[in-house]
file entry35.cif (mmCIF, C-alpha atoms)
data_protein
#
loop_
_atom_site.label_atom_id
_atom_site.label_comp_id
_atom_site.auth_asym_id
_atom_site.auth_seq_id
_atom_site.Cartn_x
_atom_site.Cartn_y
_atom_site.Cartn_z
CA MET N 1 0.00 0.00 0.00
CA HIS N 2 1.17 3.50 -0.77
CA LYS N 3 1.86 5.97 2.04
CA THR N 4 0.57 8.90 -0.02
CA GLU N 5 -2.74 7.20 -0.87
CA PRO N 6 -5.75 8.37 1.21
CA LEU N 7 -6.83 5.80 3.80
CA LEU N 8 -10.39 5.45 2.50
CA ARG N 9 -9.15 4.85 -1.05
CA THR N 10 -6.74 2.17 0.18
CA PHE N 11 -9.57 0.60 2.18
CA THR N 12 -11.87 0.59 -0.85
CA ARG N 13 -9.22 -0.91 -3.10
CA TYR N 14 -8.17 -3.72 -0.78
CA VAL N 15 -11.63 -4.61 0.50
CA SER N 16 -13.42 -4.55 -2.86
CA LEU N 17 -10.80 -6.80 -4.45
CA ASN N 18 -10.91 -9.23 -1.54
CA ILE N 19 -14.70 -9.36 -1.51
CA LEU N 20 -14.61 -10.33 -5.18
CA SER N 21 -11.98 -12.95 -4.36
CA MET N 22 -14.10 -14.49 -1.61
CA ILE N 23 -17.22 -14.45 -3.78
CA GLY N 24 -15.20 -16.47 -6.24
CA LEU N 25 -14.09 -18.86 -3.51
CA SER N 26 -17.69 -19.28 -2.35
CA CYS N 27 -18.63 -20.24 -5.90
CA TYR N 28 -16.69 -23.49 -5.39
CA ILE N 29 -19.42 -24.88 -3.18
CA LEU N 30 -22.37 -22.99 -4.67
CA ALA N 31 -21.60 -24.35 -8.13
CA ASP N 32 -21.26 -27.85 -6.71
CA THR N 33 -24.59 -27.47 -4.90
CA TYR N 34 -26.47 -26.24 -7.94
CA PHE N 35 -25.10 -28.80 -10.40
CA ILE N 36 -25.31 -31.67 -7.93
CA ALA N 37 -28.90 -30.72 -7.05
CA ASN N 38 -29.89 -30.86 -10.70
CA GLY N 39 -27.55 -33.62 -11.87
CA VAL N 40 -27.52 -36.04 -8.92
CA GLY N 41 -30.57 -35.04 -6.84
CA SER N 42 -31.35 -34.49 -3.16
CA ALA N 43 -29.19 -37.47 -2.17
CA GLY N 44 -26.23 -35.67 -3.71
CA ILE N 45 -27.00 -32.48 -1.75
CA THR N 46 -27.21 -34.50 1.46
CA ALA N 47 -23.87 -36.18 0.73
CA LEU N 48 -22.25 -32.84 -0.13
CA ASN N 49 -23.52 -31.25 3.06
CA LEU N 50 -22.15 -34.13 5.14
CA VAL N 51 -18.65 -33.70 3.70
CA LEU N 52 -18.59 -29.88 3.86
CA PRO N 53 -16.95 -29.90 7.33
CA VAL N 54 -13.90 -31.58 5.79
CA TYR N 55 -13.71 -28.95 3.04
CA SER N 56 -14.00 -26.24 5.70
CA PHE N 57 -11.23 -27.89 7.70
CA ILE N 58 -8.81 -28.07 4.75
CA ASN N 59 -9.60 -24.51 3.69
CA GLY N 60 -9.29 -23.42 7.32
CA ILE N 61 -5.81 -24.94 7.58
CA GLY N 62 -4.76 -23.07 4.46
CA LEU N 63 -6.17 -19.79 5.78
CA MET N 64 -4.61 -20.32 9.20
CA LEU N 65 -1.18 -20.77 7.67
CA GLY N 66 -1.63 -18.09 5.00
CA MET N 67 -3.23 -15.41 7.17
CA GLY N 68 -1.03 -16.20 10.16
CA ALA N 69 2.25 -16.01 8.25
CA ALA N 70 1.18 -13.10 6.03
CA THR N 71 0.05 -11.07 9.05
CA TRP N 72 3.42 -11.53 10.73
CA TYR N 73 5.14 -10.87 7.38
CA ALA N 74 3.30 -7.52 7.02
CA ILE N 75 4.21 -6.48 10.57
CA LEU N 76 7.88 -7.34 9.98
CA ARG N 77 7.91 -5.44 6.67
CA GLY N 78 6.40 -2.45 8.48
CA GLU N 79 9.28 -2.72 10.98
CA LYS N 80 11.84 -3.00 8.09
CA GLU N 81 12.80 -6.57 9.04
CA ALA N 82 12.99 -8.07 5.52
CA ASP N 83 15.17 -11.08 6.38
CA SER N 84 12.90 -12.16 9.24
CA ALA N 85 9.89 -11.74 6.95
CA ASN N 86 11.42 -14.12 4.40
CA ARG N 87 12.11 -16.70 7.11
CA VAL N 88 8.40 -16.61 7.98
CA PHE N 89 7.52 -17.30 4.32
CA THR N 90 9.97 -20.22 4.16
CA HIS N 91 8.57 -21.78 7.33
CA VAL N 92 4.93 -21.51 6.26
CA LEU N 93 5.58 -23.14 2.88
CA LEU N 94 7.21 -26.11 4.60
CA LEU N 95 4.33 -26.39 7.05
CA GLY N 96 1.74 -26.15 4.27
CA ALA N 97 3.41 -28.85 2.18
CA VAL N 98 3.59 -31.27 5.11
CA ALA N 99 -0.07 -30.67 6.01
CA GLY N 100 -1.16 -31.16 2.39
CA VAL N 101 0.63 -34.51 2.09
CA LEU N 102 -0.90 -35.79 5.33
CA PHE N 103 -4.45 -34.91 4.25
CA THR N 104 -3.90 -36.47 0.83
CA ILE N 105 -2.89 -39.74 2.47
CA LEU N 106 -5.97 -39.54 4.70
CA GLY N 107 -8.22 -39.15 1.67
CA VAL N 108 -6.69 -42.02 -0.27
CA VAL N 109 -6.69 -44.46 2.65
CA ASN N 110 -9.63 -43.55 4.88
CA ALA N 111 -12.25 -41.64 2.86
CA GLY N 112 -14.90 -44.32 3.41
CA GLN N 113 -14.41 -44.45 7.18
CA LEU N 114 -14.43 -40.65 7.33
CA ALA N 115 -17.70 -40.47 5.38
CA ARG N 116 -19.31 -42.94 7.79
CA LEU N 117 -18.04 -40.94 10.75
CA LEU N 118 -19.75 -37.87 9.30
CA GLY N 119 -23.10 -39.70 9.29
CA ALA N 120 -23.31 -41.01 5.70
CA GLU N 121 -25.08 -44.33 5.13
CA GLY N 122 -26.22 -46.41 2.15
CA ASN N 123 -26.23 -44.65 -1.20
CA ILE N 124 -25.32 -41.36 0.46
CA HIS N 125 -22.20 -43.03 1.92
CA THR N 126 -21.10 -44.05 -1.58
CA LEU N 127 -21.58 -40.53 -2.94
CA ALA N 128 -19.85 -38.90 0.05
CA THR N 129 -16.87 -41.28 -0.16
CA VAL N 130 -16.28 -40.50 -3.83
CA TYR N 131 -16.40 -36.74 -3.18
CA LEU N 132 -14.11 -36.93 -0.13
CA GLN N 133 -11.50 -39.14 -1.77
CA THR N 134 -11.28 -36.90 -4.83
CA MET N 135 -11.28 -33.61 -2.93
CA LEU N 136 -8.67 -34.67 -0.38
CA SER N 137 -6.36 -35.73 -3.19
CA PHE N 138 -6.02 -32.01 -3.94
CA SER N 139 -5.15 -31.04 -0.35
CA CYS N 140 -1.72 -29.64 -1.27
CA PRO N 141 -3.09 -27.24 -3.93
CA PHE N 142 -5.89 -26.09 -1.61
CA ILE N 143 -3.51 -25.26 1.25
CA LEU N 144 -0.62 -23.82 -0.77
CA ASN N 145 -2.95 -21.67 -2.86
CA ASN N 146 -4.34 -20.05 0.29
CA ILE N 147 -0.79 -19.31 1.45
CA PHE N 148 0.26 -17.72 -1.84
CA VAL N 149 -2.95 -15.67 -2.11
CA CYS N 150 -2.39 -14.21 1.36
CA PHE N 151 1.26 -13.35 0.66
CA VAL N 152 0.59 -11.78 -2.74
CA ARG N 153 -2.19 -9.70 -1.17
CA ASN N 154 0.12 -8.54 1.64
CA ASP N 155 2.85 -7.82 -0.92
CA GLN N 156 0.76 -4.95 -2.32
CA ASN N 157 -0.85 -6.90 -5.15
CA PRO N 158 -4.47 -7.54 -4.13
CA LYS N 159 -5.61 -7.27 -7.75
CA LEU N 160 -3.59 -10.29 -8.85
CA ALA N 161 -4.80 -12.25 -5.81
CA MET N 162 -8.39 -11.49 -6.81
CA THR N 163 -7.77 -12.39 -10.46
CA ALA N 164 -6.25 -15.74 -9.51
CA MET N 165 -9.12 -16.74 -7.24
CA LEU N 166 -11.81 -15.65 -9.71
CA ALA N 167 -10.13 -17.50 -12.56
CA GLY N 168 -10.02 -20.70 -10.51
CA SER N 169 -13.66 -20.32 -9.56
CA LEU N 170 -14.84 -19.68 -13.12
CA LEU N 171 -12.97 -22.77 -14.28
CA ASN N 172 -14.61 -24.74 -11.47
CA ILE N 173 -18.10 -23.68 -12.60
CA LEU N 174 -17.38 -24.53 -16.24
CA LEU N 175 -15.92 -27.94 -15.39
CA ASP N 176 -18.79 -28.65 -12.99
CA TYR N 177 -21.24 -28.35 -15.87
CA ILE N 178 -19.13 -30.37 -18.31
CA LEU N 179 -18.26 -33.19 -15.91
CA ILE N 180 -21.69 -33.55 -14.28
CA PHE N 181 -23.99 -33.16 -17.30
CA PRO N 182 -22.40 -34.04 -20.69
CA LEU N 183 -19.88 -36.51 -19.19
CA ARG N 184 -22.23 -37.71 -16.37
CA LEU N 185 -19.43 -38.12 -13.80
CA GLY N 186 -21.66 -37.12 -10.88
CA MET N 187 -19.99 -36.54 -7.50
CA PHE N 188 -16.54 -37.38 -8.84
CA GLY N 189 -16.90 -34.71 -11.52
CA ALA N 190 -17.98 -32.08 -8.99
CA ALA N 191 -15.07 -32.84 -6.65
CA PHE N 192 -12.54 -33.03 -9.50
CA ALA N 193 -13.63 -29.63 -10.83
CA THR N 194 -13.28 -28.13 -7.36
CA GLY N 195 -9.81 -29.62 -6.96
CA LEU N 196 -8.49 -28.18 -10.22
CA ALA N 197 -9.43 -24.59 -9.32
CA PRO N 198 -6.55 -23.88 -6.87
CA LEU N 199 -4.04 -25.23 -9.41
CA VAL N 200 -5.16 -22.63 -11.93
CA SER N 201 -5.09 -19.95 -9.23
CA MET N 202 -1.47 -20.76 -8.31
CA LEU N 203 -0.37 -20.60 -11.94
CA ILE N 204 -1.73 -17.06 -12.18
CA LEU N 205 -0.12 -16.06 -8.88
CA LEU N 206 3.27 -16.99 -10.34
CA LEU N 207 2.99 -13.80 -12.42
CA HIS N 208 3.75 -11.87 -9.23
CA LYS N 209 7.24 -13.39 -9.15
CA ARG N 210 7.75 -13.27 -12.90
CA LYS N 211 7.20 -9.51 -12.95
CA ARG N 212 9.76 -9.22 -10.14
CA LYS N 213 7.31 -7.38 -7.91
CA ASN N 214 7.48 -9.82 -5.04
CA GLN N 215 9.38 -8.95 -1.89
CA PHE N 216 9.06 -12.40 -0.27
CA HIS N 217 11.53 -15.17 -1.07
CA LEU N 218 12.61 -18.61 0.11
CA VAL N 219 15.76 -18.41 2.22
CA ARG N 220 18.09 -20.94 3.79
CA CYS N 221 17.30 -21.20 7.50
CA GLY N 222 16.89 -23.79 10.21
CA VAL N 223 13.41 -24.85 11.25
CA SER N 224 12.29 -22.84 14.28
CA GLY N 225 9.55 -24.21 16.49
CA ARG N 226 8.99 -20.72 17.86
CA ARG N 227 8.32 -19.34 14.38
CA LEU N 228 5.96 -22.18 13.52
CA LEU N 229 4.04 -21.67 16.76
CA ARG N 230 3.74 -17.93 16.22
CA ILE N 231 2.44 -18.45 12.67
CA LEU N 232 -0.24 -20.75 14.05
CA THR N 233 -1.08 -18.26 16.81
CA PHE N 234 -1.54 -15.41 14.34
CA GLY N 235 -3.61 -17.61 12.01
CA LEU N 236 -5.76 -19.45 14.56
CA PRO N 237 -8.69 -16.99 14.40
CA SER N 238 -8.86 -17.38 10.60
CA PHE N 239 -8.88 -21.15 11.01
CA ILE N 240 -11.63 -21.01 13.62
CA THR N 241 -13.73 -18.63 11.50
CA GLU N 242 -13.50 -20.97 8.50
CA PHE N 243 -13.61 -24.29 10.33
CA SER N 244 -16.45 -23.14 12.56
CA SER N 245 -18.65 -23.25 9.46
CA GLY N 246 -17.77 -26.93 9.13
CA ILE N 247 -18.28 -27.65 12.83
CA VAL N 248 -21.63 -25.88 12.77
CA ILE N 249 -22.67 -27.91 9.72
CA LEU N 250 -21.60 -31.13 11.46
CA ILE N 251 -23.56 -30.34 14.63
CA PHE N 252 -26.59 -29.18 12.67
CA ASN N 253 -26.52 -32.34 10.55
CA MET N 254 -26.62 -34.50 13.68
CA VAL N 255 -29.52 -32.59 15.24
CA ILE N 256 -31.51 -32.27 12.00
CA LEU N 257 -31.10 -35.96 11.13
CA HIS N 258 -32.81 -36.71 14.44
CA LEU N 259 -35.57 -34.12 13.95
CA ALA N 260 -36.33 -34.24 10.23
CA GLY N 261 -34.22 -36.96 8.53
CA ASN N 262 -32.45 -36.64 5.20
CA THR N 263 -34.97 -34.10 3.84
CA GLY N 264 -34.13 -31.79 6.72
CA VAL N 265 -30.39 -32.20 6.07
CA ALA N 266 -30.96 -31.40 2.39
CA ALA N 267 -32.92 -28.25 3.37
CA TYR N 268 -30.14 -27.20 5.71
CA GLY N 269 -27.61 -27.97 2.97
CA ILE N 270 -29.25 -25.36 0.75
CA ILE N 271 -29.17 -22.74 3.53
CA ALA N 272 -25.62 -23.59 4.66
CA ASN N 273 -24.26 -23.23 1.16
CA MET N 274 -25.94 -19.86 0.69
CA ALA N 275 -24.60 -18.82 4.10
CA LEU N 276 -21.08 -19.67 2.93
CA VAL N 277 -21.36 -16.85 0.38
CA ALA N 278 -22.24 -14.32 3.09
CA VAL N 279 -19.49 -15.62 5.37
CA GLY N 280 -17.08 -15.48 2.44
CA ILE N 281 -17.92 -11.83 1.73
CA PHE N 282 -17.54 -10.87 5.40
CA THR N 283 -14.24 -12.76 5.45
CA GLY N 284 -13.24 -10.83 2.32
CA VAL N 285 -13.71 -7.56 4.22
CA ALA N 286 -11.66 -8.94 7.14
CA GLN N 287 -8.87 -10.18 4.88
CA GLY N 288 -8.92 -6.93 2.91
CA ILE N 289 -8.22 -4.77 5.96
CA GLN N 290 -5.68 -7.19 7.47
CA PRO N 291 -2.67 -5.85 5.46
CA MET N 292 -3.70 -2.29 6.38
CA ILE N 293 -4.12 -3.11 10.07
CA SER N 294 -0.87 -5.11 10.29
CA THR N 295 1.25 -2.55 8.42
CA ASN N 296 -0.12 0.40 10.40
CA TYR N 297 0.39 -1.55 13.61
CA GLY N 298 4.03 -2.19 12.70
CA MET N 299 4.42 1.55 12.01
CA GLY N 300 2.60 2.59 15.21
CA GLU N 301 -0.22 4.40 13.33
CA HIS N 302 -3.07 3.63 15.77
CA ARG N 303 -5.34 6.37 14.48
CA ASN N 304 -5.39 4.77 11.04
CA ILE N 305 -6.16 1.40 12.65
CA LYS N 306 -9.25 2.81 14.39
CA LYS N 307 -10.49 4.47 11.18
CA THR N 308 -9.98 1.30 9.15
CA PHE N 309 -11.86 -0.76 11.74
CA SER N 310 -14.73 1.76 11.72
CA TYR N 311 -15.01 1.64 7.92
CA ALA N 312 -15.09 -2.16 8.00
CA VAL N 313 -17.81 -2.33 10.68
CA LEU N 314 -20.05 0.11 8.78
CA LEU N 315 -19.59 -1.90 5.59
CA ALA N 316 -20.38 -5.15 7.42
CA ILE N 317 -23.64 -3.69 8.76
CA ALA N 318 -24.68 -2.49 5.29
CA LEU N 319 -23.88 -5.86 3.71
CA GLY N 320 -25.76 -7.69 6.47
CA VAL N 321 -28.90 -5.65 5.85
CA CYS N 322 -28.65 -6.42 2.12
CA PHE N 323 -28.26 -10.17 2.73
CA TYR N 324 -31.22 -10.29 5.11
CA ALA N 325 -33.42 -8.25 2.77
CA ALA N 326 -32.55 -10.58 -0.12
CA GLY N 327 -33.49 -13.58 2.02
CA LEU N 328 -36.91 -12.08 2.83
CA LEU N 329 -37.74 -10.83 -0.65
CA PHE N 330 -36.46 -13.73 -2.75
CA THR N 331 -36.91 -16.76 -0.49
CA THR N 332 -38.90 -18.93 -2.88
CA PRO N 333 -36.81 -18.35 -6.04
CA ILE N 334 -33.57 -18.82 -4.08
CA VAL N 335 -34.69 -22.19 -2.70
CA SER N 336 -36.17 -23.38 -6.01
CA VAL N 337 -32.79 -23.00 -7.74
CA PHE N 338 -31.42 -25.81 -5.55
CA ASN N 339 -34.59 -27.93 -5.52
CA GLY N 340 -34.29 -29.64 -8.88
CA GLU N 341 -36.70 -32.44 -7.89
CA GLN N 342 -39.37 -29.89 -6.83
CA ASN N 343 -39.71 -31.57 -3.44
CA ALA N 344 -42.53 -29.67 -1.65
CA GLU N 345 -41.44 -30.65 1.87
CA LEU N 346 -37.84 -29.71 1.13
CA ALA N 347 -38.98 -26.31 -0.19
CA ARG N 348 -41.18 -25.64 2.85
CA MET N 349 -38.43 -26.41 5.35
CA ALA N 350 -35.75 -24.48 3.46
CA GLU N 351 -37.92 -21.38 3.03
CA GLU N 352 -38.70 -21.26 6.75
CA GLY N 353 -35.00 -21.69 7.48
CA VAL N 354 -33.91 -18.86 5.19
CA ARG N 355 -36.24 -16.35 6.86
CA LEU N 356 -34.94 -17.15 10.36
CA TYR N 357 -31.29 -18.13 9.75
CA PHE N 358 -30.54 -15.01 7.70
CA LEU N 359 -31.16 -12.82 10.77
CA ALA N 360 -27.60 -13.74 11.75
CA PHE N 361 -26.16 -11.78 8.83
CA LEU N 362 -27.18 -8.49 10.46
CA ILE N 363 -24.37 -8.89 13.03
CA MET N 364 -22.18 -11.77 11.84
CA GLY N 365 -19.84 -9.57 9.80
CA ILE N 366 -18.95 -7.38 12.79
CA ASN N 367 -17.81 -10.43 14.77
CA ILE N 368 -15.75 -11.86 11.90
CA ILE N 369 -14.03 -8.52 11.29
CA ALA N 370 -13.31 -7.93 14.98
CA ALA N 371 -11.68 -11.35 15.38
CA ALA N 372 -9.43 -10.71 12.36
CA VAL N 373 -8.51 -7.20 13.54
CA PHE N 374 -7.46 -8.36 17.00
CA ALA N 375 -5.31 -11.08 15.42
CA ALA N 376 -3.60 -8.47 13.25
CA LEU N 377 -3.02 -6.32 16.36
CA GLU N 378 -1.22 -9.12 18.22
CA GLN N 379 -4.19 -9.61 20.55
CA PRO N 380 -4.50 -13.42 20.19
CA VAL N 381 -6.59 -14.00 23.33
CA ARG N 382 -9.33 -11.56 22.35
CA SER N 383 -9.30 -12.85 18.78
CA PHE N 384 -9.44 -16.47 19.92
CA VAL N 385 -12.33 -15.85 22.35
CA LEU N 386 -14.42 -14.14 19.66
CA SER N 387 -13.67 -16.83 17.10
CA ILE N 388 -14.35 -19.75 19.41
CA SER N 389 -17.52 -18.14 20.74
CA ARG N 390 -19.20 -17.81 17.34
CA GLY N 391 -17.53 -21.02 16.17
CA GLY N 392 -18.94 -23.38 18.77
CA ALA N 393 -18.89 -22.25 22.40
CA ALA N 394 -22.13 -20.32 22.00
CA ILE N 395 -23.66 -22.53 19.30
CA VAL N 396 -23.50 -25.95 20.97
CA PRO N 397 -25.60 -25.17 24.06
CA VAL N 398 -27.96 -22.92 22.12
CA ILE N 399 -28.81 -25.44 19.40
CA PHE N 400 -29.58 -28.24 21.83
CA LEU N 401 -31.70 -25.94 24.01
CA LEU N 402 -33.64 -24.40 21.12
CA ALA N 403 -34.02 -27.65 19.17
CA TRP N 404 -35.40 -29.34 22.29
CA SER N 405 -37.88 -26.54 22.96
CA LEU N 406 -38.80 -25.30 19.45
CA GLY N 407 -37.86 -28.14 17.06
CA MET N 408 -36.68 -27.05 13.61
CA THR N 409 -37.63 -23.43 14.32
CA GLY N 410 -35.12 -23.49 17.16
CA VAL N 411 -32.47 -24.94 14.86
CA TRP N 412 -32.88 -22.06 12.42
CA LEU N 413 -32.67 -19.49 15.25
CA THR N 414 -29.45 -20.93 16.71
CA ILE N 415 -26.95 -18.96 14.62
CA PRO N 416 -28.65 -15.56 15.12
CA CYS N 417 -28.66 -16.15 18.89
CA ALA N 418 -25.01 -17.27 18.98
CA GLU N 419 -23.86 -14.29 16.88
CA GLY N 420 -25.80 -11.95 19.18
CA MET N 421 -24.05 -13.38 22.24
CA THR N 422 -20.66 -12.99 20.54
CA LEU N 423 -21.46 -9.38 19.58
CA LEU N 424 -21.58 -8.46 23.27
CA LEU N 425 -17.97 -9.62 23.61
CA THR N 426 -16.98 -7.81 20.41
CA VAL N 427 -18.31 -4.50 21.73
CA LEU N 428 -16.64 -5.01 25.12
CA TYR N 429 -13.22 -5.89 23.66
CA SER N 430 -13.32 -3.07 21.10
CA LEU N 431 -14.14 -0.44 23.70
CA GLN N 432 -11.39 -1.71 26.00
CA TYR N 433 -8.71 -1.77 23.30
CA PHE N 434 -9.39 1.55 21.61
CA ARG N 435 -9.91 3.42 24.89
CA THR N 436 -6.50 2.16 26.01
CA LYS N 437 -4.85 3.34 22.80
CA LYS N 438 -6.57 6.71 23.04
CA ARG N 439 -4.87 7.33 26.35
CA GLU N 440 -1.43 6.43 24.97
CA PRO N 441 0.74 9.27 23.60
CA ALA N 442 0.99 9.49 19.80
CA VAL N 443 4.11 7.95 18.28
#
call {"tool": "encode", "arguments": {"input": "entry35.cif", "output": "structure tokens"}}
result
Amino acid sequence: MHKTEPLLRTFTRYVSLNILSMIGLSCYILADTYFIANGVGSAGITALNLVLPVYSFINGIGLMLGMGAATWYAILRGEKEADSANRVFTHVLLLGAVAGVLFTILGVVNAGQLARLLGAEGNIHTLATVYLQTMLSFSCPFILNNIFVCFVRNDQNPKLAMTAMLAGSLLNILLDYILIFPLRLGMFGAAFATGLAPLVSMLILLLHKRKRKNQFHLVRCGVSGRRLLRILTFGLPSFITEFSSGIVILIFNMVILHLAGNTGVAAYGIIANMALVAVGIFTGVAQGIQPMISTNYGMGEHRNIKKTFSYAVLLAIALGVCFYAAGLLFTTPIVSVFNGEQNAELARMAEEGVRLYFLAFLIMGINIIAAAVFAALEQPVRSFVLSISRGGAAIVPVIFLLAWSLGMTGVWLTIPCAEGMTLLLTVLYSLQYFRTKKREPAV
């Protein structure tokens, strides 16, 4: 980012590009959902929804490593510590490669057992196993792509990061259609298309190095446990934010299977996949401001940090209102897109869910942004508490209480209630931090 560029213009540039990037990333699953719904049927949607926690976990690992290392990298660059910044990049690439290999082995050897553990049975188990085995075979590209995207973005090239992610997503959508419909490859085709997308993204990201714009490089250095641990600490909130979507889906699947069977899981699958788009856009705002927050923190510019945070919160509120309004106004057409079999019971349950679940979007973005900001400010405890609260600590007791008392209506209200509880912590932590900084003398 350029020192002479006005703060609001920098904010607009970084955030808009990252929102587009995350919309593209969300299209991975949305495209799968749409084409599977119309090419495989409701059994395919159920299978996809059961394996989504694994996708969220893999993507969460990539974001944890990428965001964690890139955040530290940006702080070190702000402090003019170029050699230390390159050591961080070297360590995170090694960590990402090792993690990718381990998950690939898991997919090849234990996909069937993993699908059964996630609740898949009968024909749905077969479909889920095929999707898992194929997707996990691409674990290395998924993880490494997230790392490179984060570093290119923090190396003052958010436009290329956006272009790479959108290109991968567009290829995924095109291949989804070709492999599922003309070639009739079903769940394998959907998973294979999704797996190819990060490969295309990484090829485009190589242009950053080819044009000699990159400031991060591999360097010879010994492996430092302290560095690895600090990368994970910086990135943990990003992992929890992403993986919490998978954990929530897993818990919801278990409760809904008991209350409403496979039709209920399919209805939730439609809502969960639409929710991933909103979460992706909020995450795009959070990732967009992260380089600004980290760099200004390294330079001691706390006034710019407060302004950037304020811009992001206002944007999150505006986006949340838009998402909720869209859910109310276009409930039936949204659901019908993913209901290729025109199942009346599925439509009824999903439409009720959209109207209640989407209430969460009014405040969800504020919590996601706050967790990312505190991570970028070297406030890991506050960031972790916010992330874990909305990622499970608030959700688990709420869903069992509301499902027991209100049935499926309670299930749909769980996320809005959990986000509301987390918002109280967000407000408390934000007031504490910024009041403290206000009392400190300007640097």
call {"tool": "closest_atom_pairs", "arguments": {"input": "entry35.cif", "of": "segment 125-213 of chain N", "to": "segment 6-18 of chain N", "cutoff": "12 Å", "atoms": "only C-alpha atoms", "output": "Markdown table"}}
result
| residue | atom | partner | partner_atom | distance |
| --- | --- | --- | --- | --- |
| N:Val149 | CA | N:Asn18 | CA | 10.3 |
| N:Cys150 | CA | N:Asn18 | CA | 10.3 |
| N:Val152 | CA | N:Asn18 | CA | 11.8 |
| N:Arg153 | CA | N:Tyr14 | CA | 8.5 |
| N:Asn154 | CA | N:Tyr14 | CA | 9.9 |
| N:Asp155 | CA | N:Tyr14 | CA | 11.8 |
| N:Gln156 | CA | N:Tyr14 | CA | 9.1 |
| N:Asn157 | CA | N:Tyr14 | CA | 9.1 |
| N:Pro158 | CA | N:Tyr14 | CA | 6.3 |
| N:Lys159 | CA | N:Leu17 | CA | 6.2 |
| N:Leu160 | CA | N:Leu17 | CA | 9.1 |
| N:Ala161 | CA | N:Asn18 | CA | 8.0 |
| N:Met162 | CA | N:Leu17 | CA | 5.8 |
| N:Thr163 | CA | N:Leu17 | CA | 8.7 |
| N:Ala164 | CA | N:Leu17 | CA | 11.2 |
| N:Met165 | CA | N:Asn18 | CA | 9.6 |
| N:Leu166 | CA | N:Leu17 | CA | 10.3 |
call {"tool": "closest_residue", "arguments": {"input": "entry35.cif", "among": "N:Gly280, N:Gly420, N:Gly407, N:Pro380", "to": "Leu20 of chain N", "atoms": "all atoms listed in the file"}}
result
N:Gly280
call {"tool": "residues_near_point", "arguments": {"input": "entry35.cif", "point": "(-0.8, -22.4, 0.4)", "cutoff": "8 Å", "atoms": "all atoms listed in the file", "output": "JSON, numbers by chain"}}
result
{"N": [62, 65, 66, 93, 96, 97, 140, 141, 142, 143, 144, 145, 146, 147, 148, 149]}
call {"tool": "resolve_selection", "arguments": {"input": "entry35.cif", "expression": "the PyMOL selection byres ((chain N and resi 417) around 12)", "output": "PDB file with C-alpha atoms, in the frame of the given file"}}
result
ATOM      1  CA  LEU N 356     -34.940 -17.150  10.360  1.00  0.00           C
ATOM      2  CA  TYR N 357     -31.290 -18.130   9.750  1.00  0.00           C
ATOM      3  CA  PHE N 358     -30.540 -15.010   7.700  1.00  0.00           C
ATOM      4  CA  LEU N 359     -31.160 -12.820  10.770  1.00  0.00           C
ATOM      5  CA  ALA N 360     -27.600 -13.740  11.750  1.00  0.00           C
ATOM      6  CA  PHE N 361     -26.160 -11.780   8.830  1.00  0.00           C
ATOM      7  CA  LEU N 362     -27.180  -8.490  10.460  1.00  0.00           C
ATOM      8  CA  ILE N 363     -24.370  -8.890  13.030  1.00  0.00           C
ATOM      9  CA  MET N 364     -22.180 -11.770  11.840  1.00  0.00           C
ATOM     10  CA  SER N 389     -17.520 -18.140  20.740  1.00  0.00           C
ATOM     11  CA  ARG N 390     -19.200 -17.810  17.340  1.00  0.00           C
ATOM     12  CA  ALA N 394     -22.130 -20.320  22.000  1.00  0.00           C
ATOM     13  CA  ILE N 395     -23.660 -22.530  19.300  1.00  0.00           C
ATOM     14  CA  VAL N 396     -23.500 -25.950  20.970  1.00  0.00           C
ATOM     15  CA  PRO N 397     -25.600 -25.170  24.060  1.00  0.00           C
ATOM     16  CA  VAL N 398     -27.960 -22.920  22.120  1.00  0.00           C
ATOM     17  CA  ILE N 399     -28.810 -25.440  19.400  1.00  0.00           C
ATOM     18  CA  LEU N 401     -31.700 -25.940  24.010  1.00  0.00           C
ATOM     19  CA  LEU N 402     -33.640 -24.400  21.120  1.00  0.00           C
ATOM     20  CA  GLY N 410     -35.120 -23.490  17.160  1.00  0.00           C
ATOM     21  CA  VAL N 411     -32.470 -24.940  14.860  1.00  0.00           C
ATOM     22  CA  TRP N 412     -32.880 -22.060  12.420  1.00  0.00           C
ATOM     23  CA  LEU N 413     -32.670 -19.490  15.250  1.00  0.00           C
ATOM     24  CA  THR N 414     -29.450 -20.930  16.710  1.00  0.00           C
ATOM     25  CA  ILE N 415     -26.950 -18.960  14.620  1.00  0.00           C
ATOM     26  CA  PRO N 416     -28.650 -15.560  15.120  1.00  0.00           C
ATOM     27  CA  ALA N 418     -25.010 -17.270  18.980  1.00  0.00           C
ATOM     28  CA  GLU N 419     -23.860 -14.290  16.880  1.00  0.00           C
ATOM     29  CA  GLY N 420     -25.800 -11.950  19.180  1.00  0.00           C
ATOM     30  CA  MET N 421     -24.050 -13.380  22.240  1.00  0.00           C
ATOM     31  CA  THR N 422     -20.660 -12.990  20.540  1.00  0.00           C
ATOM     32  CA  LEU N 423     -21.460  -9.380  19.580  1.00  0.00           C
ATOM     33  CA  LEU N 424     -21.580  -8.460  23.270  1.00  0.00           C
TER      34      LEU N 424
END
call {"tool": "closest_atom_pairs", "arguments": {"input": "entry35.cif", "of": "segment 283-358 of chain N", "to": "segment 228-239 of chain N", "cutoff": "10 Å", "atoms": "only C-alpha atoms", "output": "CSV"}}
result
residue,atom,partner,partner_atom,distance
N:Thr283,CA,N:Ser238,CA,8.8
N:Ala286,CA,N:Ser238,CA,9.5
N:Gln287,CA,N:Ser238,CA,9.2
